[in-house]
>>> print(open('coords_28.tsv').read())   # TSV, C-alpha atoms
chain	number	residue	atom	x	y	z
A	25	MET	CA	-18.87	-42.45	-26.79
A	26	MET	CA	-16.98	-43.61	-29.84
A	27	ASP	CA	-18.94	-41.60	-32.36
A	28	GLN	CA	-19.33	-38.33	-30.51
A	29	LEU	CA	-16.85	-35.45	-30.74
A	30	THR	CA	-15.66	-34.60	-27.24
A	31	SER	CA	-14.95	-30.93	-28.01
A	32	ARG	CA	-17.94	-28.64	-28.29
A	33	TYR	CA	-15.90	-26.50	-30.72
A	34	ALA	CA	-15.38	-29.50	-33.00
A	35	ARG	CA	-19.17	-30.06	-32.96
A	36	GLY	CA	-20.18	-26.41	-33.25
A	37	PHE	CA	-17.69	-25.42	-35.93
A	38	GLY	CA	-18.39	-28.67	-37.79
A	39	ILE	CA	-22.02	-27.64	-38.23
A	40	SER	CA	-20.89	-24.13	-39.16
A	41	LEU	CA	-18.47	-25.57	-41.75
A	42	VAL	CA	-21.32	-27.44	-43.49
A	43	ILE	CA	-23.65	-24.44	-43.52
A	44	VAL	CA	-21.06	-21.88	-44.65
A	45	THR	CA	-19.68	-24.19	-47.36
A	46	LEU	CA	-23.16	-24.34	-48.89
A	47	PHE	CA	-23.73	-20.63	-48.29
A	48	ASN	CA	-20.46	-19.81	-50.12
A	49	ALA	CA	-21.67	-21.66	-53.23
A	50	VAL	CA	-25.12	-20.04	-53.11
A	51	LEU	CA	-23.62	-16.54	-52.60
A	52	THR	CA	-21.29	-17.11	-55.57
A	53	VAL	CA	-24.18	-18.03	-57.88
A	54	MET	CA	-26.38	-15.22	-56.54
A	55	LYS	CA	-23.83	-12.42	-56.88
A	56	GLU	CA	-22.85	-13.51	-60.41
A	57	SER	CA	-26.51	-13.74	-61.43
A	58	TYR	CA	-27.73	-10.49	-59.87
A	59	ALA	CA	-25.63	-7.45	-60.84
A	60	PRO	CA	-26.80	-5.11	-58.02
A	61	LEU	CA	-25.59	-7.64	-55.44
A	62	ILE	CA	-22.05	-7.90	-56.83
A	63	LYS	CA	-21.92	-4.10	-57.20
A	64	GLY	CA	-23.09	-3.68	-53.63
A	65	MET	CA	-20.50	-6.16	-52.40
A	66	ALA	CA	-17.80	-4.33	-54.36
A	67	ALA	CA	-18.91	-0.99	-52.86
A	68	ILE	CA	-18.52	-2.27	-49.30
A	69	SER	CA	-14.81	-3.12	-49.40
A	70	GLY	CA	-13.63	-2.00	-52.83
A	71	HIS	CA	-13.78	-5.51	-54.32
A	72	HIS	CA	-16.61	-8.06	-54.33
A	73	TRP	CA	-14.19	-10.90	-53.56
A	74	ILE	CA	-12.90	-9.19	-50.39
A	75	THR	CA	-16.47	-8.68	-49.17
A	76	HIS	CA	-17.30	-12.28	-50.09
A	77	GLY	CA	-14.33	-13.50	-48.03
A	78	ILE	CA	-15.21	-11.32	-45.03
A	79	ILE	CA	-18.83	-12.53	-45.05
A	80	VAL	CA	-17.88	-16.21	-45.37
A	81	VAL	CA	-15.15	-16.16	-42.69
A	82	ALA	CA	-17.18	-14.01	-40.28
A	83	LEU	CA	-20.24	-16.25	-40.69
A	84	PHE	CA	-18.09	-19.35	-40.08
A	85	PHE	CA	-16.85	-17.97	-36.75
A	86	ILE	CA	-20.19	-16.51	-35.64
A	87	LEU	CA	-22.13	-19.71	-36.37
A	88	GLY	CA	-19.27	-21.78	-34.95
A	89	PHE	CA	-19.41	-20.04	-31.59
A	90	VAL	CA	-23.23	-20.03	-31.57
A	91	PHE	CA	-23.43	-23.79	-32.20
A	92	SER	CA	-20.55	-24.48	-29.79
A	93	GLY	CA	-22.58	-22.75	-27.11
A	94	ALA	CA	-25.79	-24.50	-28.08
A	95	TYR	CA	-24.15	-27.95	-28.06
A	96	SER	CA	-21.92	-27.49	-25.02
A	97	LYS	CA	-22.93	-30.81	-23.43
A	98	GLU	CA	-20.78	-33.70	-24.57
A	99	THR	CA	-23.75	-35.82	-25.59
A	100	SER	CA	-25.49	-33.02	-27.50
A	101	GLY	CA	-25.31	-32.14	-31.18
A	102	PRO	CA	-24.76	-34.29	-34.24
A	103	SER	CA	-22.44	-37.29	-34.17
A	104	ALA	CA	-18.94	-37.26	-35.67
A	105	ARG	CA	-20.28	-39.52	-38.42
A	106	GLY	CA	-23.07	-37.05	-39.16
A	107	ILE	CA	-20.68	-34.10	-39.42
A	108	THR	CA	-18.31	-36.16	-41.59
A	109	ILE	CA	-21.04	-37.16	-44.05
A	110	TRP	CA	-22.49	-33.65	-44.22
A	111	THR	CA	-19.04	-32.09	-44.71
A	112	ILE	CA	-18.41	-34.38	-47.69
A	113	VAL	CA	-21.90	-33.77	-49.11
A	114	ALA	CA	-21.63	-29.97	-48.67
A	115	SER	CA	-18.21	-29.95	-50.34
A	116	LEU	CA	-19.48	-31.99	-53.28
A	117	VAL	CA	-22.54	-29.74	-53.66
A	118	GLY	CA	-20.27	-26.68	-53.42
A	119	VAL	CA	-17.97	-27.95	-56.17
A	120	ILE	CA	-20.89	-28.93	-58.42
A	121	LEU	CA	-22.74	-25.62	-57.90
A	122	ILE	CA	-19.71	-23.38	-58.44
A	123	GLY	CA	-18.10	-25.48	-61.17
A	124	GLY	CA	-21.41	-26.12	-62.92
A	125	PHE	CA	-22.41	-22.46	-62.80
A	126	TYR	CA	-19.22	-21.23	-64.50
A	127	LEU	CA	-19.24	-24.17	-66.92
A	128	ILE	CA	-22.74	-23.27	-68.12
A	129	GLY	CA	-22.17	-19.50	-67.89
B	3	MET	CA	9.03	-6.13	-54.61
B	4	ARG	CA	7.76	-7.40	-57.96
B	5	PRO	CA	4.04	-8.31	-57.82
B	6	GLU	CA	4.76	-11.78	-59.28
B	7	VAL	CA	6.56	-12.63	-56.02
B	8	PHE	CA	3.16	-12.66	-54.27
B	9	VAL	CA	1.87	-15.28	-56.73
B	10	ILE	CA	4.97	-17.44	-56.27
B	11	ILE	CA	4.72	-17.31	-52.46
B	12	HIS	CA	0.94	-17.92	-52.72
B	13	VAL	CA	1.61	-21.13	-54.68
B	14	VAL	CA	4.43	-22.22	-52.33
B	15	PHE	CA	2.27	-21.87	-49.21
B	16	GLY	CA	-0.65	-23.53	-51.02
B	17	MET	CA	1.56	-26.53	-51.83
B	18	PHE	CA	2.90	-26.65	-48.26
B	19	GLY	CA	-0.71	-26.57	-47.08
B	20	ILE	CA	-1.59	-29.55	-49.30
B	21	LEU	CA	1.47	-31.42	-48.03
B	22	ALA	CA	0.49	-30.64	-44.42
B	23	ALA	CA	-3.02	-31.99	-45.10
B	24	LEU	CA	-1.48	-35.14	-46.58
B	25	TRP	CA	0.81	-35.43	-43.53
B	26	MET	CA	-2.22	-35.03	-41.23
B	27	PHE	CA	-4.10	-37.69	-43.24
B	28	VAL	CA	-1.29	-40.26	-42.98
B	29	GLU	CA	-0.68	-39.60	-39.27
B	30	THR	CA	-4.41	-39.89	-38.54
B	31	LEU	CA	-4.63	-43.10	-40.56
B	32	ASN	CA	-1.98	-44.54	-38.22
B	33	SER	CA	-3.28	-42.77	-35.13
B	34	THR	CA	-1.83	-43.86	-31.79
B	35	GLU	CA	-1.18	-42.19	-28.46
B	36	THR	CA	2.36	-41.33	-29.57
B	37	ASN	CA	1.54	-39.38	-32.74
B	38	GLN	CA	-1.38	-37.27	-31.44
B	39	LYS	CA	1.03	-34.34	-31.04
B	40	ARG	CA	2.25	-34.69	-34.63
B	41	ILE	CA	-1.36	-34.64	-35.92
B	42	GLU	CA	-1.93	-31.43	-33.95
B	43	ILE	CA	1.25	-29.86	-35.39
B	44	ALA	CA	0.24	-30.88	-38.93
B	45	SER	CA	-3.18	-29.24	-38.47
B	46	VAL	CA	-1.57	-25.98	-37.31
B	47	VAL	CA	0.90	-26.02	-40.24
B	48	LEU	CA	-2.06	-26.65	-42.56
B	49	VAL	CA	-4.17	-23.73	-41.33
B	50	SER	CA	-1.15	-21.36	-41.21
B	51	CYS	CA	-0.07	-22.18	-44.77
B	52	MET	CA	-3.59	-21.90	-46.21
B	53	TRP	CA	-4.22	-18.53	-44.57
B	54	LEU	CA	-0.87	-17.19	-45.80
B	55	SER	CA	-1.66	-18.50	-49.29
B	56	TYR	CA	-5.10	-16.85	-49.15
B	57	VAL	CA	-3.82	-13.45	-47.99
B	58	LEU	CA	-0.88	-13.31	-50.42
B	59	GLY	CA	-2.84	-14.66	-53.39
B	60	GLY	CA	-5.73	-12.37	-52.55
B	61	TYR	CA	-3.45	-9.34	-52.36
B	62	TYR	CA	-2.13	-10.08	-55.87
B	63	TYR	CA	-5.61	-10.84	-57.22
B	64	VAL	CA	-7.19	-7.64	-55.93
B	65	ASN	CA	-4.30	-5.29	-56.82
B	66	TYR	CA	-2.60	-6.73	-59.92
B	67	TYR	CA	-4.70	-9.42	-61.59
B	68	ALA	CA	-6.76	-6.98	-63.73
B	69	ALA	CA	-3.90	-6.64	-66.25
B	70	SER	CA	-3.52	-10.44	-66.52
B	71	LYS	CA	-7.29	-10.80	-66.90
B	72	ALA	CA	-7.30	-8.39	-69.86
B	73	VAL	CA	-4.51	-10.37	-71.55
B	74	ILE	CA	-6.28	-13.69	-70.96
B	75	LEU	CA	-9.66	-12.48	-72.22
B	76	ALA	CA	-8.09	-11.05	-75.39
B	77	GLY	CA	-6.14	-14.25	-76.02
B	78	PRO	CA	-7.08	-17.64	-77.50
B	79	PHE	CA	-7.90	-19.27	-74.13
B	80	PRO	CA	-10.40	-16.95	-72.34
B	81	SER	CA	-11.74	-19.91	-70.31
B	82	ALA	CA	-8.54	-19.61	-68.27
B	83	HIS	CA	-10.28	-16.67	-66.58
B	84	LYS	CA	-13.97	-17.27	-67.30
B	85	PHE	CA	-13.92	-20.79	-65.86
B	86	PHE	CA	-10.66	-21.66	-64.12
B	87	MET	CA	-10.01	-18.36	-62.31
B	88	GLU	CA	-13.65	-17.86	-61.33
B	89	VAL	CA	-13.92	-21.40	-59.97
B	90	LYS	CA	-10.55	-21.14	-58.21
B	91	GLU	CA	-11.27	-17.87	-56.44
B	92	HIS	CA	-14.58	-19.17	-55.07
B	93	LEU	CA	-13.62	-22.77	-54.28
B	94	PHE	CA	-10.65	-21.43	-52.33
B	95	PHE	CA	-13.01	-20.31	-49.56
B	96	MET	CA	-13.99	-23.96	-49.07
B	97	VAL	CA	-10.33	-24.94	-48.68
B	98	LEU	CA	-9.82	-22.06	-46.26
B	99	LEU	CA	-12.79	-23.12	-44.10
B	100	LEU	CA	-11.76	-26.79	-44.10
B	101	ALA	CA	-8.19	-25.82	-43.14
B	102	THR	CA	-9.47	-23.52	-40.37
B	103	TYR	CA	-11.66	-26.32	-39.04
B	104	ALA	CA	-8.84	-28.90	-39.04
B	105	PRO	CA	-7.18	-27.86	-35.72
B	106	LEU	CA	-10.60	-27.60	-34.04
B	107	ALA	CA	-11.37	-31.20	-35.04
B	108	VAL	CA	-7.89	-32.45	-34.13
B	109	TYR	CA	-7.48	-30.72	-30.75
B	110	GLY	CA	-10.97	-31.81	-29.73
B	111	GLY	CA	-10.00	-35.22	-28.41
B	112	ARG	CA	-7.78	-38.23	-28.55
B	113	LEU	CA	-8.18	-39.44	-32.13
B	114	TYR	CA	-6.69	-42.89	-31.42
B	115	ARG	CA	-9.62	-43.60	-29.08
B	116	ASN	CA	-12.40	-42.10	-31.18
B	117	LYS	CA	-13.12	-43.66	-34.57
B	118	GLY	CA	-15.75	-41.06	-35.46
B	119	ALA	CA	-13.40	-38.15	-34.80
B	120	ARG	CA	-10.63	-39.94	-36.71
B	121	ASN	CA	-12.85	-40.38	-39.79
B	122	LEU	CA	-13.84	-36.71	-39.62
B	123	VAL	CA	-10.20	-35.58	-39.59
B	124	LEU	CA	-9.40	-38.00	-42.43
B	125	SER	CA	-12.28	-36.56	-44.50
B	126	VAL	CA	-11.26	-32.95	-43.85
B	127	ALA	CA	-7.64	-33.72	-44.79
B	128	ALA	CA	-8.67	-35.61	-47.95
B	129	LEU	CA	-10.98	-32.79	-49.05
B	130	VAL	CA	-8.20	-30.22	-48.57
B	131	VAL	CA	-5.82	-32.34	-50.67
B	132	ILE	CA	-8.37	-32.89	-53.47
B	133	LEU	CA	-9.58	-29.27	-53.57
B	134	GLY	CA	-6.00	-28.03	-53.19
B	135	LEU	CA	-4.92	-30.01	-56.24
B	136	ILE	CA	-7.90	-28.57	-58.18
B	137	MET	CA	-6.66	-25.09	-57.13
B	138	ASP	CA	-3.16	-25.96	-58.28
B	139	GLY	CA	-4.34	-27.25	-61.67
B	140	SER	CA	-6.55	-24.19	-62.14
B	141	GLY	CA	-3.57	-21.96	-61.39
B	142	ALA	CA	-1.59	-23.71	-64.12
B	143	MET	CA	-4.46	-23.13	-66.58
B	144	ILE	CA	-4.60	-19.42	-65.68
B	145	ILE	CA	-0.86	-19.03	-66.30
B	146	MET	CA	-1.26	-20.93	-69.60
B	147	GLY	CA	-4.08	-18.57	-70.62
B	148	GLU	CA	-1.92	-15.52	-69.88
B	149	LYS	CA	1.06	-17.00	-71.70
B	150	LEU	CA	-1.02	-17.74	-74.81
B	151	GLY	CA	-2.50	-14.24	-74.63
B	152	LEU	CA	0.94	-12.67	-74.48
B	153	LEU	CA	2.25	-14.82	-77.36
B	154	ARG	CA	-0.58	-13.58	-79.59
B	155	ARG	CA	0.42	-9.93	-79.07
>>> encode(input="coords_28.tsv", output="structure tokens")
Amino acid sequence: MMDQLTSRYARGFGISLVIVTLFNAVLTVMKESYAPLIKGMAAISGHHWITHGIIVVALFFILGFVFSGAYSKETSGPSARGITIWTIVASLVGVILIGGFYLIG
Amino acid sequence: MRPEVFVIIHVVFGMFGILAALWMFVETLNSTETNQKRIEIASVVLVSCMWLSYVLGGYYYVNYYAASKAVILAGPFPSAHKFFMEVKEHLFFMVLLLATYAPLAVYGGRLYRNKGARNLVLSVAALVVILGLIMDGSGAMIIMGEKLGLLRR
């Protein structure tokens, strides 16, 4: 298949990449808008940014392995084109959400 | 070791990461059976450089940036922190995730035989380059903000 990723890790982590990219932007806006959240994140590791990084990276790997397992068959999961489009869209949304939030704030 | 050394090495690895992404992009654009190995090497260089940049930059940010932040906020260009630093520190996670995904997309199959996979790798590489350059420009603005803050003292 010319439009299907042959590696289940490429498929699984591709979906994870899209989800966590969006989650990163939402978490940024949420923690900056809701003081108890940023304080709680700071209390966990000593700095909110460290906790933010741990959450984002851990979620990327957890979801990546979960989706890799769920889409283990070569014909399963979204196409390479689908993951490509959603990666670009998620990145654009991420930049607009984060950039826009600090521009307005 | 002076703390500024961490910032310098952070920038150096960030730039190497951008160059590796550009290398991966060009190799993938001209993907054949013979350069598959080079694409794989470029993806590993990319993820290694971006993680080193993240850890070193993060170490400086968490331990030493507070003093710079105070100088910037008291100076004539507070947006250097309020906008550029805030955006940079949160967009960097996107670069880190894209860079971490790059080897997984590259090692997944023979890119020269799979147009869909090739376009995915091209997109990931292009996004790393674009976001990486935004990081680089933001870093320059932050340094400018600190410099202006120090000049006012």
>>> atom_distance(input="coords_28.tsv", atom1="atom CA of A:Leu127", atom2="atom CA of B:Val64")
23.2 Å
>>> atom_distance(input="coords_28.tsv", atom1="atom CA of B:Val108", atom2="atom CA of B:Val47")
12.5 Å
>>> closest_residue(input="coords_28.tsv", among="A:Leu51, A:Ile62, A:Leu116, A:Arg105", to="chain B", atoms="all atoms listed in the file")
A:Arg105
>>> interface_residues(input="coords_28.tsv", of="chain B", to="chain A", cutoff="7 Å", atoms="all atoms listed in the file", output="PyMOL selection string")
chain B and resi 85+89+96+99+103+106-107+110-111+116-119+122+125
>>> residues_around(input="coords_28.tsv", residues="B:Ile132", least_positions_apart="2", cutoff="12 Å", atoms="only C-alpha atoms", output="PyMOL selection string")
(chain A and resi 112+115-116+119) or (chain B and resi 17+19-21+23-24+93-94+96-97+100+125-130+134-139)
>>> closest_residue(input="coords_28.tsv", among="A:Gly101, A:Phe47, A:Tyr95, A:Met65", to="B:Phe95", atoms="only C-alpha atoms")
A:Phe47
